[in-house]
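Containing mmCIF, C-alpha atoms and all ligand atoms: entry_30.cif.
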data_query
loop_
_atom_site.label_atom_id
_atom_site.label_comp_id
_atom_site.auth_asym_id
_atom_site.auth_seq_id
_atom_site.Cartn_x
_atom_site.Cartn_y
_atom_site.Cartn_z
CA MET L 1357 33.94 -47.10 -45.37
CA LYS L 1358 33.93 -43.38 -45.91
CA ARG L 1359 30.40 -43.64 -47.27
CA LEU L 1360 29.34 -45.57 -44.14
CA ASN L 1361 30.88 -42.86 -41.95
CA ASP L 1362 29.07 -40.21 -43.96
CA THR L 1363 25.85 -42.11 -43.46
CA ARG L 1364 26.51 -42.37 -39.71
CA VAL L 1365 27.28 -38.66 -39.51
CA ALA L 1366 24.12 -37.88 -41.43
CA LEU L 1367 22.06 -40.12 -39.14
CA ILE L 1368 23.58 -38.65 -35.99
CA THR L 1369 23.12 -35.10 -37.28
CA GLY L 1370 19.55 -35.89 -38.28
CA GLY L 1371 18.87 -37.39 -34.86
CA VAL L 1372 20.26 -34.34 -33.10
CA VAL L 1373 18.09 -32.08 -35.26
CA ILE L 1374 14.99 -34.17 -34.48
CA VAL L 1375 15.70 -34.13 -30.73
CA LEU L 1376 16.38 -30.39 -30.80
CA ALA L 1377 13.18 -29.79 -32.76
CA ALA L 1378 11.24 -31.86 -30.25
CA VAL L 1379 12.73 -29.96 -27.31
CA ILE L 1380 12.07 -26.56 -28.92
CA GLY L 1381 8.61 -27.74 -30.01
CA ALA L 1382 7.76 -28.87 -26.47
CA TRP L 1383 8.98 -25.53 -25.14
CA MET L 1384 6.98 -23.50 -27.66
CA ALA L 1385 3.87 -25.69 -27.85
CA PRO L 1386 0.81 -24.61 -25.94
CA PRO L 1387 0.04 -26.78 -22.92
CA ALA L 1388 -2.47 -29.51 -23.57
CA LEU L 1389 -6.02 -29.16 -22.35
CA GLU L 1390 -6.74 -32.84 -22.01
CA ALA L 1391 -10.10 -33.69 -20.51
CA ASP L 1392 -8.67 -36.82 -18.90
CA GLU L 1393 -6.14 -34.88 -16.88
CA ARG L 1394 -8.63 -32.17 -15.99
CA ASP L 1395 -11.17 -34.71 -14.81
CA SER L 1396 -8.71 -36.54 -12.57
CA ALA L 1397 -8.55 -36.04 -8.82
CA THR L 1398 -4.90 -35.08 -9.18
CA PHE L 1399 -5.59 -32.07 -11.42
CA THR L 1400 -2.77 -29.54 -11.05
CA GLY L 1401 -3.44 -27.10 -13.88
CA THR L 1402 -0.89 -25.43 -16.10
CA ARG L 1403 2.53 -25.36 -14.46
CA LEU L 1404 3.80 -22.02 -13.22
CA VAL L 1405 7.18 -22.12 -14.89
CA GLY L 1406 9.13 -19.28 -16.48
CA THR L 1407 6.85 -17.05 -18.54
CA LEU L 1408 4.47 -19.82 -19.65
CA PRO L 1409 0.93 -18.33 -19.51
CA ALA L 1410 -1.11 -20.07 -16.80
CA GLN L 1411 -4.25 -19.34 -14.75
CA TRP L 1412 -5.98 -17.79 -17.77
CA ARG L 1413 -9.15 -15.77 -17.34
CA VAL L 1414 -11.44 -13.38 -19.21
CA ILE L 1415 -12.87 -10.48 -17.19
CA TRP L 1416 -15.93 -8.47 -18.10
CA THR L 1417 -16.95 -5.20 -16.51
CA GLU L 1418 -19.04 -2.35 -17.95
CA ASP L 1419 -19.26 -3.00 -21.68
CA PRO L 1420 -18.75 -6.68 -22.55
CA ALA L 1421 -20.07 -6.23 -26.09
CA HIS L 1422 -16.98 -4.17 -26.93
CA GLU L 1423 -14.35 -4.79 -24.24
CA ALA L 1424 -12.78 -7.64 -22.30
CA THR L 1425 -9.65 -8.05 -20.21
CA LEU L 1426 -7.68 -11.20 -20.95
CA SER L 1427 -5.49 -12.06 -18.00
CA TRP L 1428 -2.98 -14.70 -17.04
CA THR L 1429 -0.26 -15.47 -14.52
CA THR L 1430 3.43 -16.07 -15.18
CA ALA L 1431 6.06 -17.18 -12.70
CA GLY L 1432 8.69 -14.87 -14.18
CA LEU L 1433 8.23 -11.21 -15.08
CA PRO L 1434 8.02 -11.10 -18.90
CA ASP L 1435 9.71 -8.37 -20.91
CA SER L 1436 6.76 -8.58 -23.28
CA SER L 1437 3.24 -9.95 -22.83
CA VAL L 1438 0.83 -9.79 -25.76
CA VAL L 1439 -2.54 -11.23 -26.75
CA TYR L 1440 -2.87 -12.13 -30.43
CA TYR L 1441 -6.56 -12.25 -31.40
CA ASP L 1442 -8.90 -12.55 -34.33
CA THR L 1443 -12.50 -13.32 -35.24
CA GLU L 1444 -11.33 -16.50 -36.93
CA ALA L 1445 -9.45 -19.43 -35.45
CA ARG L 1446 -5.79 -19.27 -36.44
CA GLY L 1447 -4.57 -22.36 -34.61
CA GLY L 1448 -1.86 -20.48 -32.73
CA GLU L 1449 -0.07 -19.29 -35.92
CA LEU L 1450 0.85 -15.90 -34.51
CA ALA L 1451 1.53 -14.24 -37.86
CA MET L 1452 -2.04 -15.00 -38.94
CA TYR L 1453 -3.84 -13.04 -36.18
CA ARG L 1454 -5.09 -9.66 -37.35
CA HIS L 1455 -4.98 -7.96 -33.94
CA LYS L 1456 -2.78 -7.83 -30.92
CA ALA L 1457 -2.92 -6.10 -27.56
CA GLU L 1458 -0.05 -5.48 -25.15
CA ALA L 1459 -0.62 -6.62 -21.59
CA ALA L 1460 0.24 -4.64 -18.50
CA THR L 1461 2.39 -6.74 -16.18
CA GLY L 1462 3.31 -6.54 -12.53
CA ARG L 1463 3.93 -8.57 -9.44
CA TYR L 1464 1.11 -9.77 -7.21
CA THR L 1465 1.30 -8.50 -3.64
CA ASP L 1466 2.91 -11.53 -2.05
CA LYS L 1467 6.25 -12.35 -0.43
CA ASP L 1468 6.52 -16.04 -1.14
CA TRP L 1469 5.25 -16.92 -4.60
CA LYS L 1470 6.80 -14.04 -6.58
CA LEU L 1471 4.22 -14.49 -9.36
CA HIS L 1472 3.19 -11.93 -11.98
CA TYR L 1473 -0.10 -10.80 -13.47
CA ASN L 1474 -0.61 -9.99 -17.13
CA HIS L 1475 -3.69 -8.00 -18.18
CA ALA L 1476 -4.49 -7.21 -21.81
CA LEU L 1477 -7.52 -4.96 -22.34
CA LEU L 1478 -9.18 -5.64 -25.68
CA THR L 1479 -11.28 -2.73 -26.97
CA ASP L 1480 -13.36 -2.01 -30.07
CA LEU L 1481 -14.62 -5.59 -30.15
CA LYS L 1482 -17.63 -6.58 -32.21
CA PRO L 1483 -20.75 -7.63 -30.29
CA ALA L 1484 -21.95 -11.26 -30.30
CA THR L 1485 -18.71 -12.36 -31.92
CA THR L 1486 -16.36 -15.23 -31.19
CA TYR L 1487 -12.80 -14.05 -30.60
CA TRP L 1488 -9.93 -16.51 -30.86
CA PHE L 1489 -6.75 -15.67 -29.02
CA VAL L 1490 -3.35 -16.77 -27.81
CA MET L 1491 -1.56 -15.36 -24.77
CA VAL L 1492 2.18 -14.87 -25.32
CA SER L 1493 4.80 -13.92 -22.74
CA ASP L 1494 8.38 -13.68 -23.98
CA GLY L 1495 7.71 -16.21 -26.70
CA ARG L 1496 5.92 -18.71 -24.46
CA LEU L 1497 2.45 -19.44 -25.85
CA SER L 1498 -0.83 -20.54 -24.36
CA ARG L 1499 -2.98 -22.73 -26.54
CA GLU L 1500 -5.58 -20.96 -28.67
CA PHE L 1501 -8.69 -20.09 -26.66
CA HIS L 1502 -11.89 -18.31 -27.58
CA PHE L 1503 -14.74 -16.43 -25.96
CA VAL L 1504 -17.93 -14.80 -27.22
CA THR L 1505 -18.61 -11.09 -26.71
CA ALA L 1506 -21.95 -9.91 -25.36
CA PRO L 1507 -24.68 -8.98 -27.84
CA GLU L 1508 -26.11 -5.52 -28.41
CA GLY L 1509 -29.69 -4.46 -29.15
CA ASP L 1510 -32.65 -6.36 -27.75
CA ALA L 1511 -30.88 -9.69 -27.36
CA GLU L 1512 -31.63 -13.02 -25.70
CA PHE L 1513 -28.78 -14.79 -23.89
CA LYS L 1514 -27.85 -16.76 -20.77
CA LEU L 1515 -25.57 -16.19 -17.78
CA LEU L 1516 -24.42 -18.18 -14.78
CA TYR L 1517 -24.44 -16.74 -11.28
CA GLY L 1518 -22.72 -18.07 -8.18
CA GLY L 1519 -20.59 -17.12 -5.20
CA ASP L 1520 -18.51 -18.56 -2.36
CA SER L 1521 -16.01 -20.71 -4.19
CA ARG L 1522 -13.72 -20.75 -1.16
CA SER L 1523 -12.42 -23.15 1.47
CA ASP L 1524 -13.25 -26.53 -0.07
CA ARG L 1525 -11.11 -27.18 -3.09
CA GLY L 1526 -12.83 -30.44 -3.96
CA GLY L 1527 -16.25 -28.77 -3.95
CA ARG L 1528 -14.93 -25.88 -6.04
CA GLN L 1529 -13.41 -28.20 -8.61
CA THR L 1530 -16.70 -30.11 -8.79
CA MET L 1531 -18.61 -26.89 -9.40
CA ASN L 1532 -16.08 -25.65 -11.96
CA ARG L 1533 -16.47 -28.91 -13.86
CA ARG L 1534 -20.25 -28.53 -13.56
CA MET L 1535 -20.06 -25.02 -15.05
CA ARG L 1536 -17.86 -26.31 -17.84
CA ALA L 1537 -20.44 -29.02 -18.59
CA LEU L 1538 -23.22 -26.42 -18.62
CA LEU L 1539 -21.24 -24.25 -21.04
CA GLU L 1540 -20.45 -27.21 -23.25
CA GLU L 1541 -24.09 -28.28 -23.45
CA ASP L 1542 -25.48 -24.75 -23.78
CA PRO L 1543 -23.32 -22.35 -25.85
CA GLU L 1544 -25.82 -19.52 -25.25
CA ILE L 1545 -24.27 -19.10 -21.78
CA LEU L 1546 -22.01 -16.04 -22.00
CA ALA L 1547 -20.37 -15.49 -18.63
CA LEU L 1548 -20.25 -16.23 -14.91
CA VAL L 1549 -21.39 -13.48 -12.55
CA HIS L 1550 -19.50 -14.09 -9.29
CA GLY L 1551 -20.92 -12.85 -5.99
CA GLY L 1552 -17.64 -12.85 -4.07
CA ASP L 1553 -15.73 -14.94 -1.51
CA TYR L 1554 -13.51 -16.58 -4.10
CA VAL L 1555 -11.01 -17.64 -1.45
CA SER L 1556 -10.77 -18.03 2.30
CA ASP L 1557 -8.06 -15.41 2.79
CA GLY L 1558 -7.97 -12.72 0.13
CA ASP L 1559 -4.50 -11.63 1.27
CA ASP L 1560 -3.01 -15.12 0.94
CA MET L 1561 -1.56 -15.94 -2.48
CA ASP L 1562 -1.64 -19.67 -1.64
CA ASP L 1563 -5.43 -19.46 -1.73
CA TRP L 1564 -5.49 -17.45 -4.95
CA VAL L 1565 -3.06 -19.77 -6.71
CA GLU L 1566 -5.41 -22.66 -5.98
CA TRP L 1567 -8.47 -20.67 -7.06
CA LEU L 1568 -6.85 -19.46 -10.27
CA THR L 1569 -5.59 -22.92 -11.08
CA ASP L 1570 -9.05 -24.40 -10.53
CA HIS L 1571 -10.57 -21.70 -12.74
CA GLU L 1572 -8.86 -23.44 -15.68
CA LEU L 1573 -11.43 -26.21 -15.14
CA THR L 1574 -14.19 -23.95 -16.43
CA VAL L 1575 -12.64 -23.82 -19.92
CA THR L 1576 -14.45 -26.12 -22.34
CA SER L 1577 -12.57 -28.96 -24.00
CA ASP L 1578 -12.48 -26.97 -27.25
CA GLY L 1579 -10.97 -23.96 -25.48
CA ARG L 1580 -13.96 -21.71 -24.86
CA MET L 1581 -13.56 -19.50 -21.81
CA LEU L 1582 -16.30 -18.41 -19.44
CA PRO L 1583 -15.79 -14.68 -18.80
CA LEU L 1584 -16.10 -13.56 -15.20
CA VAL L 1585 -18.07 -10.56 -13.87
CA PRO L 1586 -16.58 -10.07 -10.38
CA ALA L 1587 -17.85 -8.63 -7.10
CA ARG L 1588 -15.89 -8.49 -3.82
CA GLY L 1589 -16.75 -10.75 -0.91
CA ASN L 1590 -15.86 -10.18 2.74
CA HIS L 1591 -13.05 -12.73 2.47
CA GLU L 1592 -11.40 -10.56 -0.17
CA ALA L 1593 -11.89 -7.69 2.30
CA ASP L 1594 -9.96 -4.67 0.99
CA GLY L 1595 -6.96 -6.76 -0.14
CA GLU L 1596 -4.81 -5.74 -3.09
CA GLN L 1597 -4.86 -9.15 -4.73
CA TYR L 1598 -8.51 -8.92 -5.80
CA ASP L 1599 -7.63 -5.91 -7.96
CA GLU L 1600 -4.42 -7.54 -9.19
CA ILE L 1601 -6.27 -10.68 -10.23
CA PHE L 1602 -9.36 -9.07 -11.76
CA ASN L 1603 -7.69 -5.88 -13.05
CA THR L 1604 -9.52 -3.55 -10.66
CA PRO L 1605 -13.19 -3.90 -11.62
CA GLY L 1606 -14.86 -0.49 -11.16
CA ASP L 1607 -12.77 2.15 -9.41
CA LYS L 1608 -9.97 1.26 -7.04
CA GLY L 1609 -11.24 1.37 -3.48
CA GLY L 1610 -14.84 1.12 -4.66
CA ASN L 1611 -15.06 -1.81 -7.06
CA PHE L 1612 -18.71 -1.08 -7.88
CA TYR L 1613 -19.80 -0.79 -11.51
CA ALA L 1614 -22.72 -1.54 -13.81
CA THR L 1615 -22.61 -4.13 -16.58
CA THR L 1616 -25.01 -3.62 -19.46
CA ILE L 1617 -25.71 -6.38 -21.95
CA GLY L 1618 -27.63 -5.12 -24.95
CA ASP L 1619 -30.23 -2.40 -24.54
CA GLU L 1620 -32.46 -4.25 -22.12
CA PHE L 1621 -30.30 -5.88 -19.43
CA LEU L 1622 -28.66 -4.10 -16.51
CA LEU L 1623 -26.52 -5.79 -13.84
CA ILE L 1624 -25.32 -3.54 -11.00
CA ASN L 1625 -22.30 -5.02 -9.22
CA LEU L 1626 -21.93 -3.63 -5.70
CA ASN L 1627 -19.37 -3.90 -2.92
CA THR L 1628 -20.64 -4.91 0.54
CA ASN L 1629 -17.17 -4.41 2.12
CA ILE L 1630 -17.34 -0.63 2.03
CA SER L 1631 -19.92 1.97 2.98
CA HIS L 1632 -23.28 1.06 1.44
CA GLY L 1633 -24.44 4.68 1.66
CA GLY L 1634 -22.60 7.73 0.39
CA ASN L 1635 -21.21 7.57 -3.10
CA GLN L 1636 -22.08 3.90 -3.56
CA ALA L 1637 -25.77 4.54 -2.87
CA ASP L 1638 -25.58 7.63 -5.12
CA PHE L 1639 -24.09 5.48 -7.86
CA LEU L 1640 -26.81 2.85 -7.42
CA GLU L 1641 -29.59 5.41 -7.66
CA THR L 1642 -28.03 7.16 -10.65
CA VAL L 1643 -27.66 3.91 -12.57
CA LEU L 1644 -31.21 2.81 -11.76
CA ARG L 1645 -32.62 6.19 -12.76
CA ASP L 1646 -30.58 6.42 -15.96
CA ASN L 1647 -31.54 2.90 -17.05
CA LYS L 1648 -35.21 3.07 -16.12
CA GLY L 1649 -36.13 1.96 -19.61
CA ALA L 1650 -34.17 -1.30 -19.49
CA ARG L 1651 -36.45 -4.33 -19.32
CA TRP L 1652 -34.36 -6.44 -16.92
CA GLN L 1653 -32.61 -4.98 -13.89
CA LEU L 1654 -30.52 -7.01 -11.47
CA ALA L 1655 -27.99 -6.37 -8.71
CA ASN L 1656 -25.06 -8.56 -7.68
CA TYR L 1657 -23.39 -8.23 -4.28
CA HIS L 1658 -22.09 -10.42 -1.49
CA ARG L 1659 -23.78 -9.86 1.91
CA PRO L 1660 -27.53 -10.43 1.69
CA ALA L 1661 -30.36 -8.08 2.55
CA TYR L 1662 -32.62 -11.10 2.99
CA PRO L 1663 -30.30 -13.87 4.21
CA ALA L 1664 -31.07 -17.55 4.67
CA VAL L 1665 -28.51 -18.08 7.44
CA LYS L 1666 -27.07 -14.91 9.00
CA LYS L 1667 -28.44 -11.47 9.93
CA PRO L 1668 -29.17 -8.94 7.17
CA GLY L 1669 -26.30 -6.81 5.91
CA SER L 1670 -26.40 -3.05 5.38
CA ALA L 1671 -27.92 -3.59 1.93
CA LEU L 1672 -31.28 -3.86 3.67
CA GLU L 1673 -31.08 -0.30 4.95
CA HIS L 1674 -29.28 1.44 2.10
CA TRP L 1675 -30.09 -0.41 -1.12
CA VAL L 1676 -33.43 -2.18 -0.73
CA PRO L 1677 -35.41 1.12 -0.68
CA LEU L 1678 -33.75 2.03 -4.00
CA PHE L 1679 -34.37 -1.43 -5.44
CA GLU L 1680 -38.04 -1.02 -4.59
CA LYS L 1681 -38.29 2.60 -5.73
CA TYR L 1682 -36.94 1.71 -9.17
CA ASP L 1683 -38.50 -1.78 -9.39
CA LEU L 1684 -35.39 -3.93 -9.55
CA ASP L 1685 -36.28 -7.42 -10.73
CA VAL L 1686 -33.79 -9.63 -8.88
CA ALA L 1687 -30.98 -9.18 -6.35
CA LEU L 1688 -28.29 -11.85 -6.54
CA GLU L 1689 -26.84 -12.47 -3.05
CA SER L 1690 -24.15 -14.78 -1.69
CA ASP L 1691 -22.36 -15.35 1.64
CA GLY L 1692 -24.76 -17.74 3.43
CA HIS L 1693 -23.53 -21.04 1.95
CA THR L 1694 -26.95 -22.38 1.14
CA LEU L 1695 -29.41 -22.22 -1.73
CA LYS L 1696 -32.20 -19.68 -1.47
CA ARG L 1697 -34.88 -17.84 -3.36
CA THR L 1698 -37.21 -15.52 -1.48
CA CYS L 1699 -40.75 -14.56 -2.33
CA ALA L 1700 -41.15 -11.15 -3.97
CA ILE L 1701 -40.67 -8.51 -1.25
CA ARG L 1702 -41.72 -4.87 -0.96
CA GLY L 1703 -41.77 -2.76 2.18
CA GLY L 1704 -40.64 -5.67 4.34
CA LYS L 1705 -43.61 -7.83 3.32
CA PRO L 1706 -44.50 -10.37 0.65
CA ASP L 1707 -45.72 -8.44 -2.38
CA ALA L 1708 -46.02 -9.75 -5.92
CA THR L 1709 -44.71 -6.40 -7.22
CA GLY L 1710 -41.56 -6.63 -5.13
CA VAL L 1711 -37.97 -7.74 -5.55
CA VAL L 1712 -36.85 -11.40 -5.51
CA TYR L 1713 -33.56 -12.32 -3.77
CA VAL L 1714 -31.74 -15.34 -5.18
CA GLY L 1715 -28.49 -17.19 -4.59
CA GLU L 1716 -26.55 -17.30 -1.28
CA GLY L 1717 -23.31 -18.94 -2.43
CA GLY L 1718 -22.79 -22.52 -3.60
CA LEU L 1719 -19.68 -22.63 -5.80
CA GLY L 1720 -17.74 -25.02 -3.61
CA VAL L 1721 -17.82 -23.97 0.03
CA LYS L 1722 -19.38 -26.48 2.45
CA GLN L 1723 -23.09 -25.79 2.69
CA ARG L 1724 -24.92 -24.76 5.85
CA THR L 1725 -28.47 -25.44 6.99
CA PRO L 1726 -30.75 -22.57 5.96
CA ASP L 1727 -33.31 -21.08 8.33
CA ASP L 1728 -36.33 -21.92 6.23
CA GLU L 1729 -38.73 -20.56 8.90
CA ARG L 1730 -38.02 -16.96 7.86
CA TRP L 1731 -41.16 -15.31 6.51
CA TYR L 1732 -39.67 -14.45 3.14
CA PHE L 1733 -39.20 -18.10 2.23
CA GLU L 1734 -42.94 -18.64 2.17
CA GLY L 1735 -43.41 -19.13 -1.57
CA GLY L 1736 -39.64 -19.31 -2.03
CA VAL L 1737 -37.12 -22.08 -1.62
CA THR L 1738 -34.16 -23.10 0.56
CA ALA L 1739 -31.84 -26.08 0.35
CA SER L 1740 -28.43 -27.14 1.57
CA THR L 1741 -26.65 -28.07 -1.65
CA LEU L 1742 -23.81 -26.83 -3.81
CA HIS L 1743 -25.32 -24.96 -6.73
CA VAL L 1744 -25.04 -22.43 -9.52
CA GLN L 1745 -27.87 -20.33 -10.97
CA LYS L 1746 -28.48 -20.26 -14.69
CA LEU L 1747 -30.25 -17.13 -15.97
CA THR L 1748 -32.08 -17.31 -19.27
CA VAL L 1749 -32.77 -13.77 -20.44
CA LYS L 1750 -35.54 -13.46 -23.02
CA LYS L 1751 -37.72 -10.67 -24.29
CA ASP L 1752 -40.81 -11.98 -22.54
CA SER L 1753 -39.31 -13.75 -19.51
CA LEU L 1754 -36.37 -14.09 -17.16
CA LEU L 1755 -35.87 -17.69 -16.07
CA ILE L 1756 -33.61 -18.53 -13.13
CA GLU L 1757 -32.76 -22.20 -12.60
CA SER L 1758 -30.79 -23.34 -9.57
CA ILE L 1759 -28.62 -26.28 -10.62
CA THR L 1760 -26.86 -28.58 -8.17
CA ASP L 1761 -23.33 -29.96 -8.35
CA GLU L 1762 -24.84 -33.11 -9.86
CA GLY L 1763 -26.65 -31.15 -12.57
CA ALA L 1764 -30.16 -31.48 -11.12
CA VAL L 1765 -32.49 -28.48 -11.40
CA LYS L 1766 -33.48 -27.80 -7.80
CA ASP L 1767 -35.60 -24.68 -8.34
CA THR L 1768 -36.97 -22.58 -11.17
CA TRP L 1769 -38.36 -19.07 -11.06
CA THR L 1770 -39.72 -17.06 -13.96
CA GLY L 1771 -40.04 -13.29 -14.00
CA LYS L 1772 -42.09 -11.28 -16.44
CA PRO L 1773 -41.22 -7.80 -17.74
CA ARG L 1774 -42.38 -5.02 -15.43
CA LYS L 1775 -44.07 -1.76 -16.35
CA ARG L 1776 -41.74 0.89 -14.98
FE FE M 1801 -19.00 -14.21 2.75
#
Can you present the structure in this file as structure tokens?
Amino acid sequence: MKRLNDTRVALITGGVVIVLAAVIGAWMAPPALEADERDSATFTGTRLVGTLPAQWRVIWTEDPAHEATLSWTTAGLPDSSVVYYDTEARGGELAMYRHKAEAATGRYTDKDWKLHYNHALLTDLKPATTYWFVMVSDGRLSREFHFVTAPEGDAEFKLLYGGDSRSDRGGRQTMNRRMRALLEEDPEILALVHGGDYVSDGDDMDDWVEWLTDHELTVTSDGRMLPLVPARGNHEADGEQYDEIFNTPGDKGGNFYATTIGDEFLLINLNTNISHGGNQADFLETVLRDNKGARWQLANYHRPAYPAVKKPGSALEHWVPLFEKYDLDVALESDGHTLKRTCAIRGGKPDATGVVYVGEGGLGVKQRTPDDERWYFEGGVTASTLHVQKLTVKKDSLLIESITDEGAVKDTWTGKPRKR
């Protein structure tokens, strides 16, 4: 009888231990990234609970071969937020990671949600290298993710470009899944250059919570993240949350900066919500002059100089003369909610030596009807379809493909290196 009791006690104790282990394991375990759940119409993303890392993102600014900001959101304010990272996969075994970086934390500007940002700046990274990482806030772990740093030297690579991911959550989720599919089928894609208007109201955390949650859909099923190169749209206006979410790209109040990838690719990210002249125009000219030797030169900003729907923004007056003076290759523009590519333009006329304007914003927002009668679409293209542009950067060509939400290639344009 005593032996039976001992056995019962042992069984009960064992059961308690197993249940406790399961509870602790569930608490510690990284959230699943199941394709089934992420492909369902009821996708809700990682729950915002306690200090569990959610709404993960990788942000690139000036020097993505050597630096990246890894960011996430927590419901509670963590005492400690850290990224553990390494050039080898470590499967979330924290003790195995050779590097770690403390994150700066703070509360988003918002009365209702009371959520917190966590930004860890990784520096001294190796170019063209896969980094594996886990985000940890007060002992709560994300799953292990990875991203690939930009190359250096005279490198060939690919980028995505798009804007206007606001106001239609279904369309945005469709486009995020499309971008994930593109990244899964083509690992040479490095990052997404975003042309602004992420959300409808850049001061409303409700909108940002939805956007950030949906951004999780861009992560591949094996945990690869698509770094983001941000620019402000008019719907972000001068709101604080843009800086809190993207860790203040460029200087606060300006948010303009140049991204260089390798020796031969320059991307100048500008802000169409502030004065286009003054110090922003000075910055643009300085960067163009200092990088005259770079083979490929592009700009990324929100309000178009050569729009397909609305009137031209101030970029036409302040920036286009500099683009033409320094022979910019392509200006990436958003805001119109339509697909466009102009002919090459110089001096307000078609000119094969001029600048090509591509984009106009198709990452989810409902699409408008473009005004295809405008002179600069002669030899160009317009369409009313959700889309993302895929840039293939090579030594002898720059290919831009406009890809629809269904994955169809709607337009292709190929640029050749200029003599500057
Ligand atoms: Fe806009």
Checklist entry - For Gly1432 (chain L), which residue among L:Glu1544, L:Glu1689, L:Asp1638, L:Asp1494 is the nearest when counting all atoms listed in the file? => result L:Asp1494
Using only C-alpha atoms and all ligand atoms, what does the table of chain L residues within 8 Å of ligand FE 1801 (chain M) look like, with each row giving the shortest atom pair and its distance in Å to one decimal, sorted by chain and ascending number, as CSV?
residue,atom,partner,partner_atom,distance
L:Asp1520,CA,M:FE1801,FE,6.7
L:Gly1552,CA,M:FE1801,FE,7.1
L:Asp1553,CA,M:FE1801,FE,5.4
L:Gly1589,CA,M:FE1801,FE,5.5
L:Asn1590,CA,M:FE1801,FE,5.1
L:His1591,CA,M:FE1801,FE,6.1
L:His1658,CA,M:FE1801,FE,6.5
L:Arg1659,CA,M:FE1801,FE,6.5
L:Ser1690,CA,M:FE1801,FE,6.8
L:Asp1691,CA,M:FE1801,FE,3.7
L:Gly1692,CA,M:FE1801,FE,6.8
Item to check | Shell of 12 Å around Arg1645 (chain L), only C-alpha atoms, local chain residues under 5 positions omitted, as a count of residues only | outcome: 13
Checklist entry - Which residue out of L:Ser1753, L:Ser1521, L:Ser1498, L:Thr1398 has the minimum interatomic distance to Glu1449 (chain L) when only C-alpha atoms are used? => result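 Residue with the minimum atom-to-atom distance to Glu1449 (chain L): L:Ser1498.
Across L:Leu1754, L:Leu1719, L:Val1749, L:Ile1701, the tightest approach to Ile1545 (chain L) is made by L:Val1749 when counting all atoms listed in the file.
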Item to check | Test item: residues at most 9 Å from Leu1626 (chain L), all atoms listed in the file, excluding those fewer than 3 positions along its chain, as a VMD selection string | outcome: chain L and resid 1587 to 1588 1610 to 1614 1632 1636 1640 1655 to 1658
Checklist entry - Skipping near chain neighbours, those fewer than 4 positions away, what residues fall within 7 Å of Glu1757 (chain L) using all atoms listed in the file, listed as a ChimeraX atom specification? => result /L:1745-1747,1765,1767-1769
Write the residues of the preceding selection, restricted to C-alpha atoms, as a tab-separated table (two decimals), in the frame of the given file.
chain	number	residue	atom	x	y	z
L	1745	GLN	CA	-27.87	-20.33	-10.97
L	1746	LYS	CA	-28.48	-20.26	-14.69
L	1747	LEU	CA	-30.25	-17.13	-15.97
L	1765	VAL	CA	-32.49	-28.48	-11.40
L	1767	ASP	CA	-35.60	-24.68	-8.34
L	1768	THR	CA	-36.97	-22.58	-11.17
L	1769	TRP	CA	-38.36	-19.07	-11.06
Checklist entry - Pick the closest to Ala1687 (chain L) from L:Val1744, L:Met1535, L:Val1439, L:Ile1624: which is it, counting only C-alpha atoms? => result L:Ile1624
Next on the checklist: Would you compute the distance between CA of Asp1607 (chain L) and CA of Pro1663 (chain L)? Give it in Å to one decimal.
Outcome noted: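 Answer for the CA of Asp1607 (chain L) to CA of Pro1663 (chain L) separation: 27.4 Å.
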Next on the checklist: I want to know what sits within 10 Å of Lys1766 (chain L), based on only C-alpha atoms, with residues of the same chain fewer than 3 positions away left out; could you give that as a count of residues only?
Outcome noted: 12
Checklist outcome for this item: Across L:Asp1563, L:Gly1527, L:Ala1445, L:Ile1415, the smallest distance to Trp1469 (chain L), with only C-alpha atoms counted, is shown by L:Asp1563
Checklist entry - Which is closer to Thr1407 (chain L) than all the others in L:Thr1425, L:Thr1430, L:Thr1642, L:Thr1505, using all atoms listed in the file? => result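 With all atoms listed in the file as the atom set, the closest residue is L:Thr1430.
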Checklist entry - Which neighbours of Tyr1441 (chain L) fall inside 9 Å, counting all atoms listed in the file, when residues of the same chain fewer than 5 positions from it are skipped, and could you give them as a list in words? => result Arg1446, Leu1450, Tyr1453, Arg1454, His1455, Lys1456, Ala1457, Tyr1487, Trp1488, Phe1489, Val1490, Met1491 and His1502 of chain L
Can I get the selected residues back with C-alpha atoms, as a compact mmCIF listing (two decimals), keeping the file's coordinate frame?
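Output saved as out01.txt:
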# COMPACT_ATOMS: atom_id res chain seq x y z
CA ARG L 1446 -5.79 -19.27 -36.44
CA LEU L 1450 0.85 -15.90 -34.51
CA TYR L 1453 -3.84 -13.04 -36.18
CA ARG L 1454 -5.09 -9.66 -37.35
CA HIS L 1455 -4.98 -7.96 -33.94
CA LYS L 1456 -2.78 -7.83 -30.92
CA ALA L 1457 -2.92 -6.10 -27.56
CA TYR L 1487 -12.80 -14.05 -30.60
CA TRP L 1488 -9.93 -16.51 -30.86
CA PHE L 1489 -6.75 -15.67 -29.02
CA VAL L 1490 -3.35 -16.77 -27.81
CA MET L 1491 -1.56 -15.36 -24.77
CA HIS L 1502 -11.89 -18.31 -27.58
